[in-house]
Structure formats: structure tokens, C-alpha cells
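K.L.:
The file below is data38.csv, CSV, C-alpha atoms:
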chain,number,residue,atom,x,y,z
A,1,MET,CA,84.0,91.3,104.0
A,2,ARG,CA,84.2,87.6,104.5
A,3,HIS,CA,85.3,85.9,107.8
A,4,PHE,CA,86.9,82.7,108.8
A,5,SER,CA,88.2,81.1,112.1
A,6,SER,CA,92.0,81.1,112.6
A,7,ASP,CA,92.3,78.6,115.4
A,8,GLY,CA,89.3,80.1,117.1
A,9,VAL,CA,90.0,83.7,116.3
A,10,ASP,CA,87.6,85.5,113.9
A,11,ILE,CA,89.5,87.0,111.0
A,12,ALA,CA,88.0,89.3,108.3
A,13,PHE,CA,89.3,89.3,104.8
A,14,ILE,CA,88.6,90.2,101.2
A,15,ASP,CA,89.3,88.1,98.1
A,16,ASN,CA,88.9,89.2,94.5
A,17,ALA,CA,89.0,85.6,93.1
A,18,ALA,CA,85.7,86.1,91.4
A,19,HIS,CA,87.3,88.6,89.0
A,20,GLU,CA,88.3,87.4,85.6
A,21,PRO,CA,92.2,87.0,85.5
A,22,VAL,CA,94.0,88.9,82.7
A,23,ALA,CA,97.6,89.0,81.7
A,24,PRO,CA,100.2,89.3,83.1
A,25,GLY,CA,99.1,88.2,86.5
A,26,GLY,CA,97.1,85.2,85.3
A,27,GLY,CA,95.2,84.9,88.5
A,28,ALA,CA,98.3,84.3,90.6
A,29,PRO,CA,97.5,84.9,94.3
A,30,VAL,CA,98.9,87.8,96.2
A,31,MET,CA,98.5,88.1,100.0
A,32,LEU,CA,98.5,91.6,101.4
A,33,VAL,CA,99.5,92.1,105.0
A,34,HIS,CA,98.9,95.5,106.6
A,35,GLY,CA,100.7,97.5,109.2
A,36,PHE,CA,100.1,98.2,112.9
A,37,ALA,CA,96.9,100.1,113.8
A,38,SER,CA,95.9,100.1,110.1
A,39,THR,CA,93.4,97.9,108.3
A,40,HIS,CA,93.3,96.1,104.9
A,41,ALA,CA,91.2,99.0,103.6
A,42,VAL,CA,93.4,101.8,104.8
A,43,ASN,CA,96.7,100.1,103.9
A,44,TRP,CA,95.7,98.5,100.6
A,45,VAL,CA,92.3,99.5,99.3
A,46,ASN,CA,92.4,103.3,99.8
A,47,THR,CA,96.0,103.4,98.4
A,48,LEU,CA,94.8,101.6,95.3
A,49,TRP,CA,97.0,98.6,95.8
A,50,THR,CA,94.1,96.2,95.4
A,51,THR,CA,93.0,98.0,92.2
A,52,THR,CA,96.5,98.0,90.8
A,53,LEU,CA,97.2,94.4,91.4
A,54,GLY,CA,93.7,93.3,90.3
A,55,ARG,CA,94.0,95.2,87.0
A,56,ALA,CA,97.4,93.4,86.5
A,57,GLY,CA,95.5,90.1,86.7
A,58,PHE,CA,96.5,89.0,90.2
A,59,ARG,CA,94.1,87.3,92.7
A,60,VAL,CA,94.3,89.7,95.6
A,61,VAL,CA,93.6,88.6,99.2
A,62,ALA,CA,93.9,90.9,102.2
A,63,LEU,CA,93.0,90.4,105.8
A,64,ASP,CA,92.5,92.5,108.9
A,65,HIS,CA,94.9,91.3,111.6
A,66,ARG,CA,93.6,90.1,114.9
A,67,GLY,CA,93.0,93.2,117.0
A,68,HIS,CA,92.5,95.3,113.9
A,69,GLY,CA,89.7,96.4,111.7
A,70,GLN,CA,86.8,94.0,111.5
A,71,SER,CA,88.7,91.1,113.0
A,72,GLU,CA,88.3,89.8,116.6
A,73,LYS,CA,89.8,92.0,119.3
A,74,LEU,CA,92.1,90.2,121.8
A,75,TYR,CA,93.6,91.8,124.9
A,76,ASP,CA,96.3,89.4,126.0
A,77,PRO,CA,99.8,90.3,124.5
A,78,ALA,CA,100.5,86.5,124.4
A,79,GLN,CA,97.9,86.3,121.6
A,80,TYR,CA,99.9,88.5,119.3
A,81,GLY,CA,103.4,88.6,117.9
A,82,PRO,CA,104.7,88.2,114.3
A,83,ALA,CA,104.9,84.4,114.4
A,84,ILE,CA,101.3,84.1,115.8
A,85,MET,CA,100.0,86.5,113.2
A,86,ALA,CA,101.9,84.8,110.4
A,87,GLU,CA,99.9,81.7,111.2
A,88,ASP,CA,96.7,83.7,110.6
A,89,VAL,CA,97.9,84.4,107.1
A,90,ARG,CA,98.9,80.8,106.6
A,91,ARG,CA,95.5,79.6,107.8
A,92,LEU,CA,93.8,82.0,105.5
A,93,MET,CA,95.7,80.5,102.6
A,94,ASP,CA,94.6,77.1,103.8
A,95,HIS,CA,91.0,78.3,104.1
A,96,LEU,CA,91.1,79.5,100.5
A,97,ALA,CA,93.0,76.5,99.2
A,98,ILE,CA,96.0,78.7,98.1
A,99,GLU,CA,99.1,76.5,98.1
A,100,ARG,CA,101.6,79.2,97.3
A,101,ALA,CA,101.4,83.0,97.0
A,102,ASP,CA,103.4,86.2,96.7
A,103,VAL,CA,103.2,88.0,100.0
A,104,ILE,CA,103.4,91.8,100.4
A,105,GLY,CA,103.7,93.2,103.9
A,106,TYR,CA,104.1,96.8,105.1
A,107,SER,CA,105.7,97.8,108.4
A,108,MET,CA,104.5,95.4,111.0
A,109,GLY,CA,103.0,93.4,108.1
A,110,ALA,CA,106.5,93.1,106.6
A,111,ARG,CA,107.7,91.6,109.9
A,112,ILE,CA,104.8,89.1,109.8
A,113,THR,CA,105.6,88.3,106.1
A,114,ALA,CA,109.2,87.6,107.0
A,115,GLN,CA,108.0,85.2,109.8
A,116,LEU,CA,105.7,83.5,107.3
A,117,ALA,CA,108.6,83.0,104.9
A,118,VAL,CA,110.7,81.5,107.8
A,119,ALA,CA,108.0,79.1,109.1
A,120,HIS,CA,106.4,78.2,105.8
A,121,GLY,CA,108.9,78.8,103.1
A,122,ASP,CA,107.2,76.4,100.8
A,123,ARG,CA,104.1,78.6,100.8
A,124,VAL,CA,105.8,81.9,99.9
A,125,ARG,CA,106.6,82.4,96.3
A,126,SER,CA,108.2,85.8,96.9
A,127,ALA,CA,108.1,88.3,99.7
A,128,VAL,CA,107.9,92.1,99.7
A,129,LEU,CA,109.0,93.8,102.9
A,130,GLY,CA,107.8,97.4,102.8
A,131,GLY,CA,108.7,100.1,105.3
A,132,LEU,CA,111.2,97.9,107.1
A,133,GLY,CA,115.0,97.6,107.3
A,134,MET,CA,117.5,96.3,109.9
A,135,ARG,CA,115.0,96.7,112.7
A,136,LEU,CA,113.8,93.3,111.6
A,137,VAL,CA,116.9,91.9,113.3
A,138,GLU,CA,118.1,94.7,115.5
A,139,GLY,CA,114.9,95.5,117.3
A,140,THR,CA,111.3,96.1,116.7
A,141,LEU,CA,109.3,98.7,114.9
A,142,PHE,CA,107.8,99.9,118.1
A,143,SER,CA,108.9,101.7,121.2
A,144,THR,CA,107.2,100.5,124.5
A,145,GLY,CA,105.7,104.0,124.7
A,146,ILE,CA,103.2,103.2,121.9
A,147,ALA,CA,101.2,100.9,124.2
A,148,GLU,CA,101.0,103.7,126.9
A,149,ALA,CA,100.0,106.2,124.2
A,150,MET,CA,97.2,103.9,123.2
A,151,GLU,CA,96.0,103.6,126.7
A,152,ALA,CA,96.2,107.3,127.6
A,153,PRO,CA,92.8,108.8,128.5
A,154,SER,CA,93.2,111.5,125.8
A,155,ILE,CA,95.6,112.3,123.0
A,156,ASP,CA,96.4,115.5,124.9
A,157,ASP,CA,98.1,113.3,127.4
A,158,VAL,CA,100.6,112.1,124.7
A,159,THR,CA,103.4,114.6,124.4
A,160,ASP,CA,106.0,112.8,122.3
A,161,PRO,CA,105.4,113.8,118.6
A,162,SER,CA,106.0,110.3,117.2
A,163,LEU,CA,103.8,108.6,119.8
A,164,ARG,CA,101.1,111.2,119.3
A,165,THR,CA,101.1,110.3,115.5
A,166,PHE,CA,100.3,106.7,116.3
A,167,ARG,CA,97.6,107.7,118.8
A,168,ALA,CA,96.0,110.2,116.3
A,169,PHE,CA,96.0,107.5,113.6
A,170,ALA,CA,94.2,105.0,115.9
A,171,ASP,CA,91.7,107.7,117.0
A,172,GLN,CA,91.0,108.6,113.4
A,173,LEU,CA,90.2,105.0,112.6
A,174,LYS,CA,88.2,104.6,115.8
A,175,ALA,CA,90.4,101.5,116.5
A,176,ASP,CA,90.2,99.4,119.7
A,177,ARG,CA,93.2,101.0,121.4
A,178,ARG,CA,93.3,98.4,124.2
A,179,ALA,CA,93.7,95.7,121.6
A,180,LEU,CA,96.4,97.7,119.8
A,181,ALA,CA,98.3,98.1,123.1
A,182,ALA,CA,98.2,94.4,123.6
A,183,CYS,CA,99.5,93.9,120.0
A,184,VAL,CA,102.4,96.2,120.7
A,185,ARG,CA,103.4,94.4,123.9
A,186,GLY,CA,103.3,91.1,122.1
A,187,SER,CA,105.4,92.2,119.1
A,188,HIS,CA,108.9,92.4,120.6
A,189,GLN,CA,110.5,89.4,118.8
A,190,PRO,CA,113.2,90.4,116.4
A,191,MET,CA,114.3,87.9,113.8
A,192,THR,CA,117.8,86.5,113.7
A,193,ARG,CA,120.3,86.9,110.9
A,194,GLU,CA,120.3,83.1,110.5
A,195,GLN,CA,116.5,83.1,110.0
A,196,CYS,CA,116.9,85.7,107.3
A,197,ALA,CA,119.6,83.7,105.6
A,198,GLY,CA,117.3,80.7,105.6
A,199,ILE,CA,114.5,82.3,103.6
A,200,VAL,CA,114.7,80.8,100.1
A,201,ALA,CA,112.1,83.0,98.4
A,202,PRO,CA,113.2,86.1,96.5
A,203,VAL,CA,112.8,89.1,98.8
A,204,LEU,CA,112.2,92.8,97.8
A,205,VAL,CA,112.9,95.3,100.6
A,206,ALA,CA,111.0,98.5,99.7
A,207,ALA,CA,111.5,101.7,101.7
A,208,GLY,CA,111.1,105.4,101.4
A,209,THR,CA,114.4,107.3,101.3
A,210,LYS,CA,113.0,109.6,104.1
A,211,ASP,CA,111.7,106.8,106.3
A,212,PRO,CA,113.7,106.5,109.6
A,213,LEU,CA,111.7,103.5,110.6
A,214,ALA,CA,113.1,101.6,107.6
A,215,ASN,CA,116.6,101.8,108.9
A,216,ASP,CA,119.2,100.4,106.5
A,217,PRO,CA,117.1,98.5,103.9
A,218,ASP,CA,120.3,97.7,101.9
A,219,LYS,CA,121.8,95.9,104.9
A,220,LEU,CA,118.6,93.9,105.4
A,221,ALA,CA,118.4,92.9,101.8
A,222,ALA,CA,122.0,91.6,102.0
A,223,LEU,CA,121.0,89.1,104.7
A,224,PHE,CA,118.7,87.2,102.3
A,225,ARG,CA,119.8,84.6,99.7
A,226,ASP,CA,118.0,86.5,97.0
A,227,GLY,CA,117.4,90.0,98.3
A,228,ARG,CA,117.1,93.3,96.6
A,229,VAL,CA,116.1,96.9,97.4
A,230,LEU,CA,113.5,99.2,96.0
A,231,GLU,CA,114.1,102.8,97.0
A,232,ILE,CA,111.0,105.1,97.1
A,233,PRO,CA,112.4,108.6,96.5
A,234,GLY,CA,111.5,111.4,98.9
A,235,ARG,CA,108.9,109.4,100.8
A,236,ASP,CA,108.5,108.9,104.6
A,237,HIS,CA,107.0,105.9,106.3
A,238,ASN,CA,103.4,106.9,105.7
A,239,LEU,CA,103.7,108.4,102.2
A,240,ALA,CA,105.7,105.5,100.8
A,241,VAL,CA,102.8,103.1,101.1
A,242,GLY,CA,100.8,104.2,98.1
A,243,ASP,CA,103.6,105.8,96.1
A,244,ARG,CA,103.5,104.9,92.4
A,245,VAL,CA,107.2,104.1,92.4
A,246,HIS,CA,106.4,101.6,95.1
A,247,LYS,CA,103.6,100.0,93.2
A,248,GLN,CA,105.5,99.8,89.9
A,249,GLY,CA,108.6,98.4,91.5
A,250,VAL,CA,106.5,95.7,93.2
A,251,LEU,CA,104.7,94.9,89.9
A,252,ASP,CA,108.0,94.6,88.1
A,253,PHE,CA,109.3,92.3,90.9
A,254,LEU,CA,106.2,90.0,90.7
A,255,THR,CA,105.8,89.8,87.0
A,256,ALA,CA,109.5,89.0,86.5
A,257,ARG,CA,108.7,85.6,88.0
A,258,LEU,CA,105.7,84.8,85.9
Now that the file is in, can you turn its structure into C-alpha cells?
P.N.:
Amino acid sequence: MRHFSSDGVDIAFIDNAAHEPVAPGGGAPVMLVHGFASTHAVNWVNTLWTTTLGRAGFRVVALDHRGHGQSEKLYDPAQYGPAIMAEDVRRLMDHLAIERADVIGYSMGARITAQLAVAHGDRVRSAVLGGLGMRLVEGTLFSTGIAEAMEAPSIDDVTDPSLRTFRAFADQLKADRRALAACVRGSHQPMTREQCAGIVAPVLVAAGTKDPLANDPDKLAALFRDGRVLEIPGRDHNLAVGDRVHKQGVLDFLTARL
């Protein structure tokens, strides 16, 4: 992986710019923004998103968020939050001299993508918000219990099934759970309907039909000037990520604008 400094925070990333661009992507850049407790590898490489987009001719850039993967770990909740983490994506674009990109985010990454589109609309050619619905404006993706689940001495101390899933995922990846707890505590900033309406880029809201975390993707899509929905049949929050319907729908969305 490569690294750069985002206002003093070390951020790890990958970039397939060295690959020869082929039709239809023509080398157009796509930024991939992963979800909470995940990494660029788990969210995008292992699910073959990077392969799929690369073969379609896109320049694929993916980062590990602060507190995640191979990026720097921070323990103050004030150093996290969607708006702050969106600036990491924007600074990475600056670092790579990418003026404008399609941005694909999943779960927490979708919230970060939306914040990037609000703060830097001129840099976002289109936005894909995966695994997210009206919780973007009606709350957060996280319950406060996730931070406590991350800090529990053992997974056996976590009795709530949904919280136990988050903890098991973090343990599986050998993640820095203290950094993840800080990230959760810094991520309670819902977006307003007015902010959504101000996003000028086309937005695709992609969600599994069995994903309770997505919560009304149709209502969310209706808030954007140019919003549409991609249903991923029979998939929950985890299985929707790498689903072929998800990939094909996003490819169709991206190539329609080439």
C-alpha cells in the first residue's frame, strides 16, 4: 500500500493508475470508501469490486479510513466524524491530482461520501450510497452500544446479537478496537434534508432488500435532485456488498455518464 499525510494523519491507500485503461471506463477515477470496522481490502478487494471496476477500465482508488486498516489510529472522538473523514478522501484526491471522481461508499462510507458531495460538490461526478437509507438524515448507522462492545474485555461480555456481530467482525480483522470506539463516538452527525437537496451530482442509493440498516432507500433517493434506487434482492447488510446485482447496477450507473 501507499501512504500520504492528510493534515498530519497517515492514510494508507491503493491506486491502480498504472493499469492500462480500456473501454468503457477510459481511465475515469473511482474513489472507494469503505464501511465501519472494515478496510479497503475487506470491503472492496476481497469482494472483487476493484477487479470488476479495473476490468471495466476505471482508475480505482481506495483508502483505509483513519482508525482502520493500515492507516493511523486515533483515540479522540473529535478526530472522527463523516465530515472530517470526507476531507481525508478529498485530500487523497488532491494528493493524486484527481480533480473529479465518481465516489462509491458503503455503510459508514456512504455517509462519508454524502458529506463529500455536500462539502465539495465540484469534485464528485456521481455518488453511490450503498447500505444506507433514511438513517442518513434520521439518525446514525450506529447505536451507542457499539463503542462499549468494542471496549468490552471479551466478546463473551457482549450479549446483544447485533453488537456481538460488530465485535466479532473487529476481532476477526484484529482491528484496533479502541480506535473504532472513538470512531463510533465521533460519528453521530446526521445530514439534513436541505443538505441532501443541495447535492448536485447524480446519486444512486443501493441497498439489500433484507437490510434493516438501509431503512427506506426510496425515501432517501427522493431527497436528492437526481436520485435513484438500486435494489439488491434477498441480501442483508453484509451480503449486499459483493453481490453481482450490486456491481452490475453500479457499473450501469457509472457507464451511463461516460
K.L.:
Segment 61-135 of chain A near segment 210-227 of chain A within 7 Å: what's each residue's closest atom pair and its distance in Å to one decimal, counting all atoms listed in the file, ordered by chain then ascending residue number, as JSON lines?
P.N.:
{"residue": "A:Gly131", "atom": "CA", "partner": "A:Ala214", "partner_atom": "CA", "distance": 5.2}
{"residue": "A:Leu132", "atom": "CA", "partner": "A:Ala214", "partner_atom": "CA", "distance": 4.2}
{"residue": "A:Gly133", "atom": "CA", "partner": "A:Pro217", "partner_atom": "CA", "distance": 4.1}
{"residue": "A:Met134", "atom": "CA", "partner": "A:Leu220", "partner_atom": "CA", "distance": 5.2}
{"residue": "A:Arg135", "atom": "CA", "partner": "A:Asn215", "partner_atom": "CA", "distance": 6.6}
K.L.:
Between atom CA of Ile112 of chain A and atom CA of Arg66 of chain A, what is the distance, to one decimal in Å?
P.N.:
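The value is 12.3 Å.
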K.L.:
When distances are computed from all atoms listed in the file, which of A:Ala41, A:Leu129, A:Leu116, A:Ile199 shows the smallest separation from His246 of chain A?
P.N.:
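For His246 of chain A, the nearest of the given residues is A:Leu129.
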K.L.:
Tell me which protein, DNA and RNA residues are within 9 Å of Pro24 of chain A, counting only C-alpha atoms, leaving out same-chain ones fewer than 6 positions away, and put them as a VMD selection string.
P.N.:
chain A and resid 56 to 58 255 258
K.L.:
For segment 3-19 of chain A, please output as a PyMOL selection string all residues within 6 Å (counting only C-alpha atoms; exclusion window: fewer than 4 positions along the same chain).
P.N.:
chain A and resi 59-64+70-72+88
K.L.:
Go ahead and write the residues just picked, C-alpha atoms, as a PDB file, in the coordinates of the input.
P.N.:
ATOM      1  CA  ARG A  59      94.100  87.300  92.700  1.00  0.00           C
ATOM      2  CA  VAL A  60      94.300  89.700  95.600  1.00  0.00           C
ATOM      3  CA  VAL A  61      93.600  88.600  99.200  1.00  0.00           C
ATOM      4  CA  ALA A  62      93.900  90.900 102.200  1.00  0.00           C
ATOM      5  CA  LEU A  63      93.000  90.400 105.800  1.00  0.00           C
ATOM      6  CA  ASP A  64      92.500  92.500 108.900  1.00  0.00           C
ATOM      7  CA  GLN A  70      86.800  94.000 111.500  1.00  0.00           C
ATOM      8  CA  SER A  71      88.700  91.100 113.000  1.00  0.00           C
ATOM      9  CA  GLU A  72      88.300  89.800 116.600  1.00  0.00           C
ATOM     10  CA  ASP A  88      96.700  83.700 110.600  1.00  0.00           C
TER      11      ASP A  88
END
K.L.:
For Val30 of chain A, work out the shell of residues within 10 Å, counting all atoms listed in the file and skipping chain neighbours fewer than 4 positions away, then give it as a PDB file with C-alpha atoms, in the coordinates of the input.
P.N.:
ATOM      1  CA  ASP A  15      89.300  88.100  98.100  1.00  0.00           C
ATOM      2  CA  GLY A  25      99.100  88.200  86.500  1.00  0.00           C
ATOM      3  CA  THR A  50      94.100  96.200  95.400  1.00  0.00           C
ATOM      4  CA  LEU A  53      97.200  94.400  91.400  1.00  0.00           C
ATOM      5  CA  GLY A  54      93.700  93.300  90.300  1.00  0.00           C
ATOM      6  CA  PHE A  58      96.500  89.000  90.200  1.00  0.00           C
ATOM      7  CA  ARG A  59      94.100  87.300  92.700  1.00  0.00           C
ATOM      8  CA  VAL A  60      94.300  89.700  95.600  1.00  0.00           C
ATOM      9  CA  VAL A  61      93.600  88.600  99.200  1.00  0.00           C
ATOM     10  CA  ALA A  62      93.900  90.900 102.200  1.00  0.00           C
ATOM     11  CA  ILE A  98      96.000  78.700  98.100  1.00  0.00           C
ATOM     12  CA  ARG A 100     101.600  79.200  97.300  1.00  0.00           C
ATOM     13  CA  ALA A 101     101.400  83.000  97.000  1.00  0.00           C
ATOM     14  CA  ASP A 102     103.400  86.200  96.700  1.00  0.00           C
ATOM     15  CA  VAL A 103     103.200  88.000 100.000  1.00  0.00           C
ATOM     16  CA  ILE A 104     103.400  91.800 100.400  1.00  0.00           C
ATOM     17  CA  VAL A 124     105.800  81.900  99.900  1.00  0.00           C
ATOM     18  CA  ARG A 125     106.600  82.400  96.300  1.00  0.00           C
ATOM     19  CA  SER A 126     108.200  85.800  96.900  1.00  0.00           C
ATOM     20  CA  ALA A 127     108.100  88.300  99.700  1.00  0.00           C
ATOM     21  CA  LEU A 254     106.200  90.000  90.700  1.00  0.00           C
TER      22      LEU A 254
END
K.L.:
Quick one: everything within 8 Å of segment 172-186 of chain A, counting only C-alpha atoms, minus sequence neighbours fewer than 6 positions away in the same chain. Send it as a PyMOL selection string.
P.N.:
chain A and resi 36-38+67-69+73-81+142+144+146-148+150-151
K.L.:
Ranking A:Ala207, A:Met108, A:Met31, A:Ala149 by minimum distance to His237 of chain A and counting only C-alpha atoms, which one comes first?
P.N.:
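Closest residue, counting only C-alpha atoms: A:Ala207.
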K.L.:
One decimal, in Å: what's the spacing between atom CA of Ala256 of chain A and atom CA of Thr192 of chain A?
P.N.:
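Atom CA of Ala256 of chain A sits 28.5 Å away from atom CA of Thr192 of chain A.
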K.L.:
Fewer than 3 positions away in the same chain doesn't count, so skip those; otherwise give me all residues within 7 Å of Leu136 of chain A, counting all atoms listed in the file, as a compact mmCIF listing (two decimals) with C-alpha atoms, in the coordinates of the input.
P.N.:
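Below you can see around_22.txt, which holds the result:
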# COMPACT_ATOMS: atom_id res chain seq x y z
CA ARG A 111 107.70 91.60 109.90
CA LEU A 132 111.20 97.90 107.10
CA GLY A 133 115.00 97.60 107.30
CA GLY A 139 114.90 95.50 117.30
CA THR A 140 111.30 96.10 116.70
CA PRO A 190 113.20 90.40 116.40
CA MET A 191 114.30 87.90 113.80
K.L.:
When you draw a straight line from atom CA of Ala28 of chain A to atom CA of Arg257 of chain A, how long is it in Å?
P.N.:
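Between atom CA of Ala28 of chain A and atom CA of Arg257 of chain A the gap works out to 10.8 Å.
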K.L.:
Tell me which of A:Val137, A:Met85, A:Val158, A:Val229 sits closest to Ala197 of chain A, counting only C-alpha atoms.
P.N.:
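Smallest distance to Ala197 of chain A is found for A:Val137.
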K.L.:
Find, counting all atoms listed in the file, the residue in A:Pro153, A:Val42, A:Gln189, A:Arg2 that gets nearest to Leu92 of chain A.
P.N.:
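Closest to Leu92 of chain A, using all atoms listed in the file: A:Arg2.
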K.L.:
Which residue, A:His34, A:Arg91, A:His40, A:Arg123, has the smallest gap to Val200 of chain A when you use all atoms listed in the file?
P.N.:
A:Arg123
K.L.:
Choose the residue, out of A:Asp171, A:Glu138, A:Thr159, A:Ala201, that has the smallest atom-to-atom separation from Thr113 of chain A; count all atoms listed in the file.
P.N.:
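The shortest atom-to-atom distance to Thr113 of chain A comes from A:Ala201.
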K.L.:
Once N, CA and C atoms are restored for segment 78-106 of chain A, what would the output be as a CSV table (one decimal), in the coordinates of the input?
P.N.:
chain,number,residue,atom,x,y,z
A,78,ALA,N,100.1,87.9,124.8
A,78,ALA,CA,100.5,86.5,124.4
A,78,ALA,C,99.8,86.0,123.2
A,79,GLN,N,98.7,86.7,122.8
A,79,GLN,CA,97.9,86.3,121.6
A,79,GLN,C,98.3,87.0,120.4
A,80,TYR,N,99.4,87.8,120.5
A,80,TYR,CA,99.9,88.5,119.3
A,80,TYR,C,101.3,88.1,119.0
A,81,GLY,N,102.0,88.9,118.2
A,81,GLY,CA,103.4,88.6,117.9
A,81,GLY,C,103.4,88.2,116.4
A,82,PRO,N,104.6,88.5,115.7
A,82,PRO,CA,104.7,88.2,114.3
A,82,PRO,C,104.5,86.7,113.9
A,83,ALA,N,105.0,85.8,114.8
A,83,ALA,CA,104.9,84.4,114.4
A,83,ALA,C,103.5,84.0,114.6
A,84,ILE,N,102.8,84.4,115.6
A,84,ILE,CA,101.3,84.1,115.8
A,84,ILE,C,100.5,84.6,114.6
A,85,MET,N,100.8,85.9,114.3
A,85,MET,CA,100.0,86.5,113.2
A,85,MET,C,100.3,86.0,111.8
A,86,ALA,N,101.5,85.5,111.7
A,86,ALA,CA,101.9,84.8,110.4
A,86,ALA,C,101.0,83.6,110.2
A,87,GLU,N,100.7,82.9,111.3
A,87,GLU,CA,99.9,81.7,111.2
A,87,GLU,C,98.5,82.1,110.8
A,88,ASP,N,98.0,83.3,111.1
A,88,ASP,CA,96.7,83.7,110.6
A,88,ASP,C,96.7,83.8,109.1
A,89,VAL,N,97.8,84.3,108.6
A,89,VAL,CA,97.9,84.4,107.1
A,89,VAL,C,98.0,83.0,106.5
A,90,ARG,N,98.8,82.1,107.1
A,90,ARG,CA,98.9,80.8,106.6
A,90,ARG,C,97.6,80.0,106.6
A,91,ARG,N,96.8,80.2,107.7
A,91,ARG,CA,95.5,79.6,107.8
A,91,ARG,C,94.5,80.1,106.8
A,92,LEU,N,94.6,81.4,106.5
A,92,LEU,CA,93.8,82.0,105.5
A,92,LEU,C,94.1,81.4,104.2
A,93,MET,N,95.3,81.2,103.9
A,93,MET,CA,95.7,80.5,102.6
A,93,MET,C,95.1,79.1,102.6
A,94,ASP,N,95.2,78.4,103.7
A,94,ASP,CA,94.6,77.1,103.8
A,94,ASP,C,93.1,77.1,103.5
A,95,HIS,N,92.4,78.1,104.2
A,95,HIS,CA,91.0,78.3,104.1
A,95,HIS,C,90.6,78.5,102.6
A,96,LEU,N,91.4,79.2,101.9
A,96,LEU,CA,91.1,79.5,100.5
A,96,LEU,C,91.8,78.6,99.5
A,97,ALA,N,92.4,77.5,100.0
A,97,ALA,CA,93.0,76.5,99.2
A,97,ALA,C,94.1,77.1,98.3
A,98,ILE,N,94.9,78.1,98.9
A,98,ILE,CA,96.0,78.7,98.1
A,98,ILE,C,97.3,78.0,98.6
A,99,GLU,N,97.9,77.3,97.7
A,99,GLU,CA,99.1,76.5,98.1
A,99,GLU,C,100.3,77.4,98.2
A,100,ARG,N,100.4,78.4,97.4
A,100,ARG,CA,101.6,79.2,97.3
A,100,ARG,C,101.2,80.6,96.8
A,101,ALA,N,101.8,81.7,97.4
A,101,ALA,CA,101.4,83.0,97.0
A,101,ALA,C,102.6,84.0,97.2
A,102,ASP,N,102.6,85.0,96.4
A,102,ASP,CA,103.4,86.2,96.7
A,102,ASP,C,102.8,86.9,97.9
A,103,VAL,N,103.7,87.4,98.8
A,103,VAL,CA,103.2,88.0,100.0
A,103,VAL,C,103.8,89.4,100.1
A,104,ILE,N,102.9,90.4,100.3
A,104,ILE,CA,103.4,91.8,100.4
A,104,ILE,C,103.0,92.3,101.8
A,105,GLY,N,104.0,92.7,102.5
A,105,GLY,CA,103.7,93.2,103.9
A,105,GLY,C,104.3,94.6,104.0
A,106,TYR,N,103.6,95.4,104.9
A,106,TYR,CA,104.1,96.8,105.1
A,106,TYR,C,104.3,97.0,106.6
